[in-house]
>>> print(open('target.pdb').read())   # PDB, C-alpha atoms, pLDDT in the B column
MODEL        1
ATOM      1  CA  MET K  75     -15.395 155.132  68.538  1.00 55.00           C
ATOM      2  CA  PRO K  76     -17.684 155.212  65.520  1.00 61.00           C
ATOM      3  CA  PHE K  77     -16.943 152.495  62.984  1.00 65.00           C
ATOM      4  CA  LEU K  78     -18.431 150.569  60.113  1.00 66.00           C
ATOM      5  CA  GLY K  79     -17.622 147.032  59.144  1.00 71.00           C
ATOM      6  CA  GLY K  80     -17.144 143.717  60.805  1.00 71.00           C
ATOM      7  CA  PRO K  81     -16.074 140.177  59.998  1.00 71.00           C
ATOM      8  CA  ILE K  82     -16.352 139.151  56.362  1.00 71.00           C
ATOM      9  CA  GLY K  83     -15.024 135.608  56.784  1.00 71.00           C
ATOM     10  CA  ALA K  84     -12.541 133.377  58.627  1.00 74.00           C
ATOM     11  CA  GLY K  85      -8.914 134.507  58.796  1.00 72.00           C
ATOM     12  CA  ARG K  86      -7.629 131.514  56.840  1.00 73.00           C
ATOM     13  CA  GLU K  87      -9.751 132.660  53.878  1.00 77.00           C
ATOM     14  CA  PHE K  88      -7.724 135.860  53.505  1.00 78.00           C
ATOM     15  CA  THR K  89      -4.243 134.617  52.735  1.00 76.00           C
ATOM     16  CA  ASP K  90      -4.206 133.637  49.068  1.00 78.00           C
ATOM     17  CA  ARG K  91      -6.450 134.150  46.023  1.00 88.00           C
ATOM     18  CA  PHE K  92      -9.234 135.924  47.878  1.00 92.00           C
ATOM     19  CA  PHE K  93      -9.570 139.122  45.853  1.00 95.00           C
ATOM     20  CA  THR K  94      -8.931 140.799  42.515  1.00 96.00           C
ATOM     21  CA  ALA K  95      -7.517 144.318  42.381  1.00 96.00           C
ATOM     22  CA  ARG K  96      -9.485 146.875  40.373  1.00 94.00           C
ATOM     23  CA  ASP K  97      -8.418 150.408  39.385  1.00 93.00           C
ATOM     24  CA  ALA K  98      -9.529 152.077  42.622  1.00 95.00           C
ATOM     25  CA  ASP K  99     -11.110 149.127  44.351  1.00 97.00           C
ATOM     26  CA  VAL K 100     -11.023 145.378  45.023  1.00 97.00           C
ATOM     27  CA  GLU K 101     -13.439 142.555  44.355  1.00 97.00           C
ATOM     28  CA  PHE K 102     -13.609 139.689  46.834  1.00 95.00           C
ATOM     29  CA  HIS K 103     -13.959 136.237  45.293  1.00 95.00           C
ATOM     30  CA  ARG K 104     -16.277 134.812  47.944  1.00 93.00           C
ATOM     31  CA  PRO K 105     -19.801 136.149  47.317  1.00 94.00           C
ATOM     32  CA  GLU K 106     -20.496 136.536  51.044  1.00 93.00           C
ATOM     33  CA  ALA K 107     -17.323 138.576  51.611  1.00 92.00           C
ATOM     34  CA  GLU K 108     -18.063 140.731  48.563  1.00 95.00           C
ATOM     35  CA  LYS K 109     -21.622 141.327  49.787  1.00 94.00           C
ATOM     36  CA  HIS K 110     -20.425 142.444  53.228  1.00 93.00           C
ATOM     37  CA  TYR K 111     -17.715 144.634  51.682  1.00 94.00           C
ATOM     38  CA  ARG K 112     -20.163 146.372  49.319  1.00 95.00           C
ATOM     39  CA  GLY K 113     -22.564 146.875  52.211  1.00 93.00           C
ATOM     40  CA  PHE K 114     -19.857 148.539  54.319  1.00 92.00           C
ATOM     41  CA  LEU K 115     -18.869 150.805  51.421  1.00 94.00           C
ATOM     42  CA  GLY K 116     -22.524 151.721  50.911  1.00 94.00           C
ATOM     43  CA  GLU K 117     -22.872 152.695  54.566  1.00 91.00           C
ATOM     44  CA  LEU K 118     -19.851 154.968  54.151  1.00 91.00           C
ATOM     45  CA  GLY K 119     -21.277 156.456  50.966  1.00 93.00           C
ATOM     46  CA  VAL K 120     -18.305 155.508  48.787  1.00 95.00           C
ATOM     47  CA  ALA K 121     -18.045 153.332  45.702  1.00 95.00           C
ATOM     48  CA  GLY K 122     -14.669 151.704  46.293  1.00 96.00           C
ATOM     49  CA  LEU K 123     -11.623 151.203  48.466  1.00 97.00           C
ATOM     50  CA  GLY K 124      -9.771 154.144  46.940  1.00 96.00           C
ATOM     51  CA  GLU K 125     -12.477 156.537  48.129  1.00 96.00           C
ATOM     52  CA  LEU K 126     -12.143 155.623  51.818  1.00 93.00           C
ATOM     53  CA  GLY K 127     -11.636 158.687  53.941  1.00 90.00           C
ATOM     54  CA  VAL K 128     -11.257 156.688  57.129  1.00 90.00           C
ATOM     55  CA  PRO K 129      -8.566 154.184  58.177  1.00 93.00           C
ATOM     56  CA  LEU K 130      -9.013 150.546  57.215  1.00 94.00           C
ATOM     57  CA  VAL K 131      -8.416 148.143  60.126  1.00 94.00           C
ATOM     58  CA  THR K 132      -7.844 144.534  59.128  1.00 93.00           C
ATOM     59  CA  THR K 133      -6.215 141.260  60.130  1.00 90.00           C
ATOM     60  CA  PHE K 134      -5.647 139.881  56.600  1.00 90.00           C
ATOM     61  CA  GLY K 135      -2.611 137.592  56.481  1.00 84.00           C
ATOM     62  CA  PHE K 136      -2.325 137.247  60.250  1.00 88.00           C
ATOM     63  CA  ALA K 137      -3.973 133.819  60.584  1.00 88.00           C
ATOM     64  CA  ALA K 138      -0.638 132.631  61.966  1.00 90.00           C
ATOM     65  CA  HIS K 139      -2.219 129.522  63.483  1.00 91.00           C
ATOM     66  CA  PHE K 140      -3.265 128.481  59.949  1.00 91.00           C
ATOM     67  CA  VAL K 141       0.194 129.143  58.519  1.00 93.00           C
ATOM     68  CA  ALA K 142       1.683 127.179  61.427  1.00 95.00           C
ATOM     69  CA  THR K 143      -0.353 123.987  60.885  1.00 95.00           C
ATOM     70  CA  LYS K 144       2.009 121.220  62.045  1.00 95.00           C
ATOM     71  CA  GLU K 145       1.535 118.931  59.058  1.00 94.00           C
ATOM     72  CA  ASN K 146       2.802 121.647  56.714  1.00 93.00           C
ATOM     73  CA  TRP K 147       6.144 121.821  58.534  1.00 96.00           C
ATOM     74  CA  HIS K 148       7.023 118.139  59.124  1.00 94.00           C
ATOM     75  CA  LEU K 149       9.147 118.117  55.983  1.00 94.00           C
ATOM     76  CA  TYR K 150      11.503 120.714  57.466  1.00 95.00           C
ATOM     77  CA  ARG K 151      11.925 119.090  60.880  1.00 93.00           C
ATOM     78  CA  THR K 152      14.934 117.066  61.952  1.00 91.00           C
ATOM     79  CA  GLY K 153      14.123 114.884  64.923  1.00 85.00           C
ATOM     80  CA  ASP K 154      12.267 116.875  67.572  1.00 86.00           C
ATOM     81  CA  GLY K 155      12.789 120.302  66.061  1.00 91.00           C
ATOM     82  CA  PHE K 156      13.927 122.431  63.187  1.00 96.00           C
ATOM     83  CA  PRO K 157      17.539 122.820  62.094  1.00 96.00           C
ATOM     84  CA  PRO K 158      19.284 125.694  63.891  1.00 95.00           C
ATOM     85  CA  GLY K 159      18.346 129.014  62.315  1.00 96.00           C
ATOM     86  CA  PHE K 160      15.556 127.609  60.136  1.00 98.00           C
ATOM     87  CA  LEU K 161      12.765 129.739  61.637  1.00 97.00           C
ATOM     88  CA  GLY K 162      14.797 132.882  60.926  1.00 96.00           C
ATOM     89  CA  SER K 163      16.005 131.817  57.501  1.00 98.00           C
ATOM     90  CA  ALA K 164      15.294 133.222  54.056  1.00 98.00           C
ATOM     91  CA  LEU K 165      13.695 129.877  53.129  1.00 97.00           C
ATOM     92  CA  PHE K 166      11.254 130.091  56.053  1.00 98.00           C
ATOM     93  CA  ASP K 167      10.384 133.699  55.219  1.00 98.00           C
ATOM     94  CA  ALA K 168       9.826 132.794  51.561  1.00 98.00           C
ATOM     95  CA  ILE K 169       7.463 129.946  52.472  1.00 96.00           C
ATOM     96  CA  VAL K 170       5.450 132.113  54.865  1.00 97.00           C
ATOM     97  CA  LEU K 171       5.251 135.069  52.482  1.00 96.00           C
ATOM     98  CA  ALA K 172       4.161 132.777  49.635  1.00 95.00           C
ATOM     99  CA  THR K 173       1.386 131.479  51.893  1.00 94.00           C
ATOM    100  CA  VAL K 174       0.033 134.988  52.540  1.00 95.00           C
ATOM    101  CA  ARG K 175       0.938 136.539  49.171  1.00 94.00           C
ATOM    102  CA  ASP K 176      -2.554 137.775  48.371  1.00 94.00           C
ATOM    103  CA  ALA K 177      -2.904 139.400  51.791  1.00 95.00           C
ATOM    104  CA  LEU K 178       0.324 141.272  51.076  1.00 96.00           C
ATOM    105  CA  ALA K 179      -0.981 142.198  47.623  1.00 96.00           C
ATOM    106  CA  PHE K 180      -4.144 143.545  49.242  1.00 96.00           C
ATOM    107  CA  TYR K 181      -2.146 145.720  51.627  1.00 97.00           C
ATOM    108  CA  ARG K 182       0.062 146.958  48.769  1.00 97.00           C
ATOM    109  CA  HIS K 183      -2.973 147.831  46.644  1.00 97.00           C
ATOM    110  CA  ALA K 184      -4.727 149.651  49.495  1.00 97.00           C
ATOM    111  CA  ARG K 185      -1.590 151.662  50.271  1.00 98.00           C
ATOM    112  CA  ASP K 186      -1.096 152.458  46.572  1.00 97.00           C
ATOM    113  CA  LEU K 187      -4.631 153.890  46.639  1.00 97.00           C
ATOM    114  CA  GLY K 188      -3.629 156.153  49.533  1.00 97.00           C
ATOM    115  CA  VAL K 189      -5.678 154.347  52.180  1.00 97.00           C
ATOM    116  CA  ARG K 190      -4.395 154.442  55.755  1.00 97.00           C
ATOM    117  CA  VAL K 191      -4.259 150.780  56.758  1.00 97.00           C
ATOM    118  CA  ILE K 192      -3.827 149.370  60.248  1.00 97.00           C
ATOM    119  CA  ALA K 193      -3.214 145.638  60.613  1.00 96.00           C
ATOM    120  CA  VAL K 194      -3.970 144.076  63.996  1.00 95.00           C
ATOM    121  CA  LEU K 195      -1.833 141.199  65.214  1.00 94.00           C
ATOM    122  CA  PRO K 196      -3.928 138.157  66.155  1.00 93.00           C
ATOM    123  CA  PRO K 197      -4.618 136.795  69.608  1.00 95.00           C
ATOM    124  CA  GLN K 198      -1.455 135.070  70.798  1.00 96.00           C
ATOM    125  CA  ARG K 199      -3.075 131.655  70.950  1.00 95.00           C
ATOM    126  CA  VAL K 200      -1.859 128.478  69.309  1.00 95.00           C
ATOM    127  CA  PRO K 201      -4.353 125.636  68.803  1.00 94.00           C
ATOM    128  CA  GLY K 202      -3.288 122.009  69.100  1.00 93.00           C
ATOM    129  CA  GLN K 203      -2.953 121.498  65.345  1.00 95.00           C
ATOM    130  CA  SER K 204      -0.398 124.331  65.058  1.00 96.00           C
ATOM    131  CA  ASP K 205       3.290 124.579  65.907  1.00 96.00           C
ATOM    132  CA  ALA K 206       3.908 127.321  68.488  1.00 96.00           C
ATOM    133  CA  ALA K 207       7.430 128.158  67.296  1.00 96.00           C
ATOM    134  CA  VAL K 208       6.257 128.439  63.689  1.00 97.00           C
ATOM    135  CA  PHE K 209       3.307 130.588  64.811  1.00 96.00           C
ATOM    136  CA  LEU K 210       5.575 133.117  66.487  1.00 97.00           C
ATOM    137  CA  ALA K 211       8.140 133.173  63.691  1.00 97.00           C
ATOM    138  CA  ALA K 212       5.535 133.349  60.897  1.00 97.00           C
ATOM    139  CA  GLN K 213       3.686 136.159  62.629  1.00 96.00           C
ATOM    140  CA  GLU K 214       6.928 138.141  62.838  1.00 97.00           C
ATOM    141  CA  THR K 215       7.731 137.493  59.176  1.00 97.00           C
ATOM    142  CA  VAL K 216       4.298 138.766  58.126  1.00 97.00           C
ATOM    143  CA  ARG K 217       4.493 141.755  60.491  1.00 97.00           C
ATOM    144  CA  LEU K 218       7.792 142.895  59.016  1.00 98.00           C
ATOM    145  CA  ALA K 219       6.514 142.447  55.447  1.00 97.00           C
ATOM    146  CA  VAL K 220       3.334 144.399  56.172  1.00 97.00           C
ATOM    147  CA  GLU K 221       5.237 147.215  57.852  1.00 98.00           C
ATOM    148  CA  GLY K 222       7.529 147.299  54.822  1.00 98.00           C
ATOM    149  CA  LEU K 223       4.472 148.125  52.712  1.00 98.00           C
ATOM    150  CA  GLY K 224       3.705 151.198  54.826  1.00 97.00           C
ATOM    151  CA  VAL K 225       0.965 149.571  56.883  1.00 98.00           C
ATOM    152  CA  GLU K 226       0.735 150.456  60.572  1.00 97.00           C
ATOM    153  CA  VAL K 227       0.655 147.414  62.843  1.00 97.00           C
ATOM    154  CA  ALA K 228      -1.277 147.307  66.095  1.00 96.00           C
ATOM    155  CA  ASP K 229       1.050 145.037  68.048  1.00 95.00           C
ATOM    156  CA  LEU K 230      -0.696 144.059  71.269  1.00 94.00           C
ATOM    157  CA  ARG K 231       1.848 141.521  72.473  1.00 95.00           C
ATOM    158  CA  GLY K 232       3.207 143.730  75.242  1.00 94.00           C
ATOM    159  CA  ARG K 233      -0.309 144.190  76.632  1.00 94.00           C
ATOM    160  CA  ILE K 234      -1.777 140.705  76.271  1.00 96.00           C
ATOM    161  CA  THR K 235       0.935 138.103  76.820  1.00 96.00           C
ATOM    162  CA  GLY K 236       2.248 136.548  79.997  1.00 94.00           C
ATOM    163  CA  THR K 237       5.674 135.152  80.813  1.00 94.00           C
ATOM    164  CA  SER K 238       5.023 132.266  78.384  1.00 93.00           C
ATOM    165  CA  GLY K 239       4.910 134.719  75.480  1.00 93.00           C
ATOM    166  CA  PHE K 240       1.332 133.679  74.774  1.00 96.00           C
ATOM    167  CA  GLN K 241      -2.028 135.225  75.577  1.00 96.00           C
ATOM    168  CA  ARG K 242      -2.938 135.506  79.235  1.00 96.00           C
ATOM    169  CA  PRO K 243      -5.852 133.181  80.158  1.00 96.00           C
ATOM    170  CA  GLU K 244      -8.141 136.019  81.245  1.00 97.00           C
ATOM    171  CA  LEU K 245      -8.021 137.385  77.681  1.00 97.00           C
ATOM    172  CA  CYS K 246      -8.984 134.097  75.986  1.00 96.00           C
ATOM    173  CA  GLU K 247     -12.432 133.216  74.696  1.00 94.00           C
ATOM    174  CA  ALA K 248     -13.750 130.264  76.703  1.00 92.00           C
ATOM    175  CA  ASP K 249     -14.068 126.927  74.866  1.00 90.00           C
ATOM    176  CA  ASP K 250     -12.133 128.332  71.879  1.00 91.00           C
ATOM    177  CA  GLU K 251      -8.485 127.696  70.995  1.00 92.00           C
ATOM    178  CA  ILE K 252      -7.952 130.702  68.758  1.00 91.00           C
ATOM    179  CA  HIS K 253      -9.902 133.817  69.658  1.00 92.00           C
ATOM    180  CA  GLY K 254      -9.621 136.494  72.292  1.00 93.00           C
ATOM    181  CA  ASN K 255     -12.548 137.534  74.464  1.00 94.00           C
ATOM    182  CA  LEU K 256     -14.241 140.871  75.120  1.00 94.00           C
ATOM    183  CA  ALA K 257     -11.420 141.951  77.447  1.00 96.00           C
ATOM    184  CA  TRP K 258      -8.941 141.308  74.617  1.00 94.00           C
ATOM    185  CA  GLY K 259     -11.185 143.313  72.288  1.00 93.00           C
ATOM    186  CA  ARG K 260     -11.081 146.257  74.684  1.00 94.00           C
ATOM    187  CA  ILE K 261      -7.281 146.172  74.544  1.00 95.00           C
ATOM    188  CA  VAL K 262      -7.441 146.184  70.737  1.00 94.00           C
ATOM    189  CA  LEU K 263      -9.725 149.204  70.919  1.00 92.00           C
ATOM    190  CA  ALA K 264      -7.341 150.984  73.323  1.00 93.00           C
ATOM    191  CA  GLU K 265      -4.440 150.290  70.924  1.00 93.00           C
ATOM    192  CA  LEU K 266      -6.421 151.732  68.013  1.00 92.00           C
ATOM    193  CA  LEU K 267      -7.212 154.826  70.072  1.00 91.00           C
ATOM    194  CA  ASP K 268      -3.487 155.156  70.839  1.00 91.00           C
ATOM    195  CA  LEU K 269      -2.888 155.150  67.067  1.00 90.00           C
ATOM    196  CA  GLY K 270      -5.193 158.141  66.726  1.00 87.00           C
ATOM    197  CA  LEU K 271      -8.403 156.545  65.509  1.00 84.00           C
TER     198      LEU K 271
ENDMDL
END
>>> encode(input="target.pdb", output="structure tokens")
Amino acid sequence: MPFLGGPIGAGREFTDRFFTARDADVEFHRPEAEKHYRGFLGELGVAGLGELGVPLVTTFGFAAHFVATKENWHLYRTGDGFPPGFLGSALFDAIVLATVRDALAFYRHARDLGVRVIAVLPPQRVPGQSDAAVFLAAQETVRLAVEGLGVEVADLRGRITGTSGFQRPELCEADDEIHGNLAWGRIVLAELLDLGL
């Protein structure tokens, strides 16, 4: 599968205040991200996002482990857990969506420009500093919001998780609490091929 692009930063950097929308383009605030972005556009021979003739595949807003950082959710806990229904409540959704508001704005802007956008759900891994229940609920909140903007979502959960609901060990990067390995990447690629890329 021919492609251009690659990582332009850590997932947690693409949730809030990371870009400015332009008429038919975007400008990333971090110089390194902007440099990579302009380089990718140059390789494609286009001047801006609105000129893309190929699908845009991204994970913006899906740093669910960052959203689920335990310390951020202590305030809402009662005893050992959350009040019944909290993780499916309008309050929870509002907090999560506020956390990733710029990622959602990016998706909205790209779709308004007519770009086909595919968002890839993250590896189903929860590091020690994150709350697993919040991770799963936040990921679902973001997925639904992104789909509501007309973005296609590559949802790998049925292919990569075990009975625990989390990523199978053979798909995890060794000595890393967050990322998938090459085998996981192959499954992502297969999912993208299934979506017609």
>>> residues_around(input="target.pdb", residues="stretch 105-107 of chain K", least_positions_apart="5", cutoff="10 Å", atoms="all atoms listed in the file", output="ChimeraX atom specification")
/K:81-84,87,92-93,112-113
>>> closest_residue(input="target.pdb", among="K:Glu108, K:Ala206, K:Ala211, K:Pro197", to="K:Leu256", atoms="all atoms listed in the file")
K:Pro197
>>> closest_residue(input="target.pdb", among="K:Gln198, K:Thr152, K:Thr89, K:Ser204", to="K:His139", atoms="all atoms listed in the file")
K:Ser204
>>> residues_near_point(input="target.pdb", point="(-20.8, 147.1, 59.5)", cutoff="12 Å", atoms="only C-alpha atoms", output="short mmCIF file (atom, residue, chain, number, x, y, z; two decimals) with C-alpha atoms, in the frame of the given file")
data_model
loop_
_atom_site.label_atom_id
_atom_site.label_comp_id
_atom_site.auth_asym_id
_atom_site.auth_seq_id
_atom_site.Cartn_x
_atom_site.Cartn_y
_atom_site.Cartn_z
CA PRO K 76 -17.68 155.21 65.52
CA PHE K 77 -16.94 152.50 62.98
CA LEU K 78 -18.43 150.57 60.11
CA GLY K 79 -17.62 147.03 59.14
CA GLY K 80 -17.14 143.72 60.80
CA PRO K 81 -16.07 140.18 60.00
CA ILE K 82 -16.35 139.15 56.36
CA LYS K 109 -21.62 141.33 49.79
CA HIS K 110 -20.42 142.44 53.23
CA TYR K 111 -17.72 144.63 51.68
CA ARG K 112 -20.16 146.37 49.32
CA GLY K 113 -22.56 146.88 52.21
CA PHE K 114 -19.86 148.54 54.32
CA LEU K 115 -18.87 150.80 51.42
CA GLY K 116 -22.52 151.72 50.91
CA GLU K 117 -22.87 152.70 54.57
CA LEU K 118 -19.85 154.97 54.15
#
>>> residues_near_point(input="target.pdb", point="(2.8, 153.5, 66.2)", cutoff="12 Å", atoms="all atoms listed in the file", output="PyMOL selection string")
chain K and resi 192-194+221+224-230+265-271
>>> closest_residue(input="target.pdb", among="K:Ala177, K:Val208, K:Gly222, K:Leu195", to="K:Ile234", atoms="only C-alpha atoms")
K:Leu195
>>> build_atoms(input="target.pdb", residues="stretch 146-157 of chain K", atoms="all heavy atoms", output="PDB file, in the frame of the given file")
ATOM      1  N   ASN K 146       2.123 120.918  57.788  1.00 93.00           N
ATOM      2  CA  ASN K 146       2.802 121.647  56.714  1.00 93.00           C
ATOM      3  C   ASN K 146       4.299 121.796  56.953  1.00 93.00           C
ATOM      4  O   ASN K 146       5.045 122.117  56.023  1.00 93.00           O
ATOM      5  CB  ASN K 146       2.195 123.047  56.551  1.00 93.00           C
ATOM      6  CG  ASN K 146       0.758 122.998  56.100  1.00 93.00           C
ATOM      7  OD1 ASN K 146       0.301 122.009  55.541  1.00 93.00           O
ATOM      8  ND2 ASN K 146       0.039 124.068  56.362  1.00 93.00           N
ATOM      9  N   TRP K 147       4.748 121.556  58.179  1.00 96.00           N
ATOM     10  CA  TRP K 147       6.144 121.821  58.534  1.00 96.00           C
ATOM     11  C   TRP K 147       6.940 120.566  58.868  1.00 96.00           C
ATOM     12  O   TRP K 147       8.145 120.648  59.122  1.00 96.00           O
ATOM     13  CB  TRP K 147       6.184 122.829  59.693  1.00 96.00           C
ATOM     14  CG  TRP K 147       5.582 124.132  59.269  1.00 96.00           C
ATOM     15  CD1 TRP K 147       4.301 124.554  59.481  1.00 96.00           C
ATOM     16  CD2 TRP K 147       6.211 125.145  58.497  1.00 96.00           C
ATOM     17  NE1 TRP K 147       4.101 125.777  58.895  1.00 96.00           N
ATOM     18  CE2 TRP K 147       5.261 126.167  58.288  1.00 96.00           C
ATOM     19  CE3 TRP K 147       7.487 125.297  57.961  1.00 96.00           C
ATOM     20  CZ2 TRP K 147       5.549 127.320  57.562  1.00 96.00           C
ATOM     21  CZ3 TRP K 147       7.786 126.454  57.244  1.00 96.00           C
ATOM     22  CH2 TRP K 147       6.825 127.445  57.053  1.00 96.00           C
ATOM     23  N   HIS K 148       6.304 119.385  58.821  1.00 94.00           N
ATOM     24  CA  HIS K 148       7.023 118.139  59.124  1.00 94.00           C
ATOM     25  C   HIS K 148       8.225 117.931  58.213  1.00 94.00           C
ATOM     26  O   HIS K 148       9.270 117.454  58.648  1.00 94.00           O
ATOM     27  CB  HIS K 148       6.092 116.924  59.030  1.00 94.00           C
ATOM     28  CG  HIS K 148       5.181 116.759  60.200  1.00 94.00           C
ATOM     29  ND1 HIS K 148       5.614 116.733  61.502  1.00 94.00           N
ATOM     30  CD2 HIS K 148       3.830 116.617  60.258  1.00 94.00           C
ATOM     31  CE1 HIS K 148       4.591 116.581  62.309  1.00 94.00           C
ATOM     32  NE2 HIS K 148       3.491 116.520  61.587  1.00 94.00           N
ATOM     33  N   LEU K 149       8.089 118.286  56.982  1.00 94.00           N
ATOM     34  CA  LEU K 149       9.147 118.117  55.983  1.00 94.00           C
ATOM     35  C   LEU K 149      10.438 118.812  56.391  1.00 94.00           C
ATOM     36  O   LEU K 149      11.537 118.344  56.072  1.00 94.00           O
ATOM     37  CB  LEU K 149       8.654 118.662  54.638  1.00 94.00           C
ATOM     38  CG  LEU K 149       9.650 118.767  53.497  1.00 94.00           C
ATOM     39  CD1 LEU K 149      10.050 117.376  53.042  1.00 94.00           C
ATOM     40  CD2 LEU K 149       9.054 119.537  52.339  1.00 94.00           C
ATOM     41  N   TYR K 150      10.336 119.905  57.122  1.00 95.00           N
ATOM     42  CA  TYR K 150      11.503 120.714  57.466  1.00 95.00           C
ATOM     43  C   TYR K 150      12.098 120.364  58.826  1.00 95.00           C
ATOM     44  O   TYR K 150      13.134 120.905  59.204  1.00 95.00           O
ATOM     45  CB  TYR K 150      11.118 122.205  57.436  1.00 95.00           C
ATOM     46  CG  TYR K 150      10.535 122.599  56.117  1.00 95.00           C
ATOM     47  CD1 TYR K 150       9.154 122.676  55.937  1.00 95.00           C
ATOM     48  CD2 TYR K 150      11.354 122.836  55.014  1.00 95.00           C
ATOM     49  CE1 TYR K 150       8.608 123.015  54.708  1.00 95.00           C
ATOM     50  CE2 TYR K 150      10.822 123.172  53.780  1.00 95.00           C
ATOM     51  CZ  TYR K 150       9.447 123.259  53.639  1.00 95.00           C
ATOM     52  OH  TYR K 150       8.916 123.575  52.418  1.00 95.00           O
ATOM     53  N   ARG K 151      11.448 119.462  59.551  1.00 93.00           N
ATOM     54  CA  ARG K 151      11.925 119.090  60.880  1.00 93.00           C
ATOM     55  C   ARG K 151      13.033 118.045  60.797  1.00 93.00           C
ATOM     56  O   ARG K 151      13.058 117.211  59.896  1.00 93.00           O
ATOM     57  CB  ARG K 151      10.779 118.521  61.719  1.00 93.00           C
ATOM     58  CG  ARG K 151       9.799 119.564  62.174  1.00 93.00           C
ATOM     59  CD  ARG K 151       8.745 118.927  63.089  1.00 93.00           C
ATOM     60  NE  ARG K 151       8.046 119.938  63.825  1.00 93.00           N
ATOM     61  CZ  ARG K 151       8.469 120.490  64.957  1.00 93.00           C
ATOM     62  NH1 ARG K 151       9.613 120.114  65.484  1.00 93.00           N
ATOM     63  NH2 ARG K 151       7.769 121.416  65.557  1.00 93.00           N
ATOM     64  N   THR K 152      13.921 118.104  61.765  1.00 91.00           N
ATOM     65  CA  THR K 152      14.934 117.066  61.952  1.00 91.00           C
ATOM     66  C   THR K 152      14.804 116.592  63.385  1.00 91.00           C
ATOM     67  O   THR K 152      15.063 117.358  64.314  1.00 91.00           O
ATOM     68  CB  THR K 152      16.352 117.615  61.698  1.00 91.00           C
ATOM     69  OG1 THR K 152      16.569 118.738  62.539  1.00 91.00           O
ATOM     70  CG2 THR K 152      16.532 118.017  60.242  1.00 91.00           C
ATOM     71  N   GLY K 153      14.337 115.392  63.579  1.00 85.00           N
ATOM     72  CA  GLY K 153      14.123 114.884  64.923  1.00 85.00           C
ATOM     73  C   GLY K 153      12.994 115.634  65.612  1.00 85.00           C
ATOM     74  O   GLY K 153      11.894 115.748  65.079  1.00 85.00           O
ATOM     75  N   ASP K 154      13.292 116.196  66.778  1.00 86.00           N
ATOM     76  CA  ASP K 154      12.267 116.875  67.572  1.00 86.00           C
ATOM     77  C   ASP K 154      12.102 118.353  67.234  1.00 86.00           C
ATOM     78  O   ASP K 154      11.260 119.026  67.833  1.00 86.00           O
ATOM     79  CB  ASP K 154      12.598 116.752  69.072  1.00 86.00           C
ATOM     80  CG  ASP K 154      12.421 115.333  69.570  1.00 86.00           C
ATOM     81  OD1 ASP K 154      11.654 114.576  68.935  1.00 86.00           O
ATOM     82  OD2 ASP K 154      13.051 114.995  70.585  1.00 86.00           O
ATOM     83  N   GLY K 155      12.880 118.868  66.335  1.00 91.00           N
ATOM     84  CA  GLY K 155      12.789 120.302  66.061  1.00 91.00           C
ATOM     85  C   GLY K 155      13.255 120.654  64.669  1.00 91.00           C
ATOM     86  O   GLY K 155      13.442 119.785  63.808  1.00 91.00           O
ATOM     87  N   PHE K 156      13.456 121.926  64.471  1.00 96.00           N
ATOM     88  CA  PHE K 156      13.927 122.431  63.187  1.00 96.00           C
ATOM     89  C   PHE K 156      15.434 122.609  63.242  1.00 96.00           C
ATOM     90  O   PHE K 156      16.004 122.802  64.325  1.00 96.00           O
ATOM     91  CB  PHE K 156      13.267 123.783  62.887  1.00 96.00           C
ATOM     92  CG  PHE K 156      11.784 123.691  62.677  1.00 96.00           C
ATOM     93  CD1 PHE K 156      10.902 124.042  63.689  1.00 96.00           C
ATOM     94  CD2 PHE K 156      11.261 123.238  61.473  1.00 96.00           C
ATOM     95  CE1 PHE K 156       9.527 123.953  63.508  1.00 96.00           C
ATOM     96  CE2 PHE K 156       9.893 123.140  61.281  1.00 96.00           C
ATOM     97  CZ  PHE K 156       9.030 123.496  62.299  1.00 96.00           C
ATOM     98  N   PRO K 157      16.098 122.557  62.097  1.00 96.00           N
ATOM     99  CA  PRO K 157      17.539 122.820  62.094  1.00 96.00           C
ATOM    100  C   PRO K 157      17.818 124.208  62.676  1.00 96.00           C
ATOM    101  O   PRO K 157      16.994 125.119  62.537  1.00 96.00           O
ATOM    102  CB  PRO K 157      17.910 122.767  60.606  1.00 96.00           C
ATOM    103  CG  PRO K 157      16.815 122.007  59.954  1.00 96.00           C
ATOM    104  CD  PRO K 157      15.580 122.277  60.761  1.00 96.00           C
TER     105      PRO K 157
END
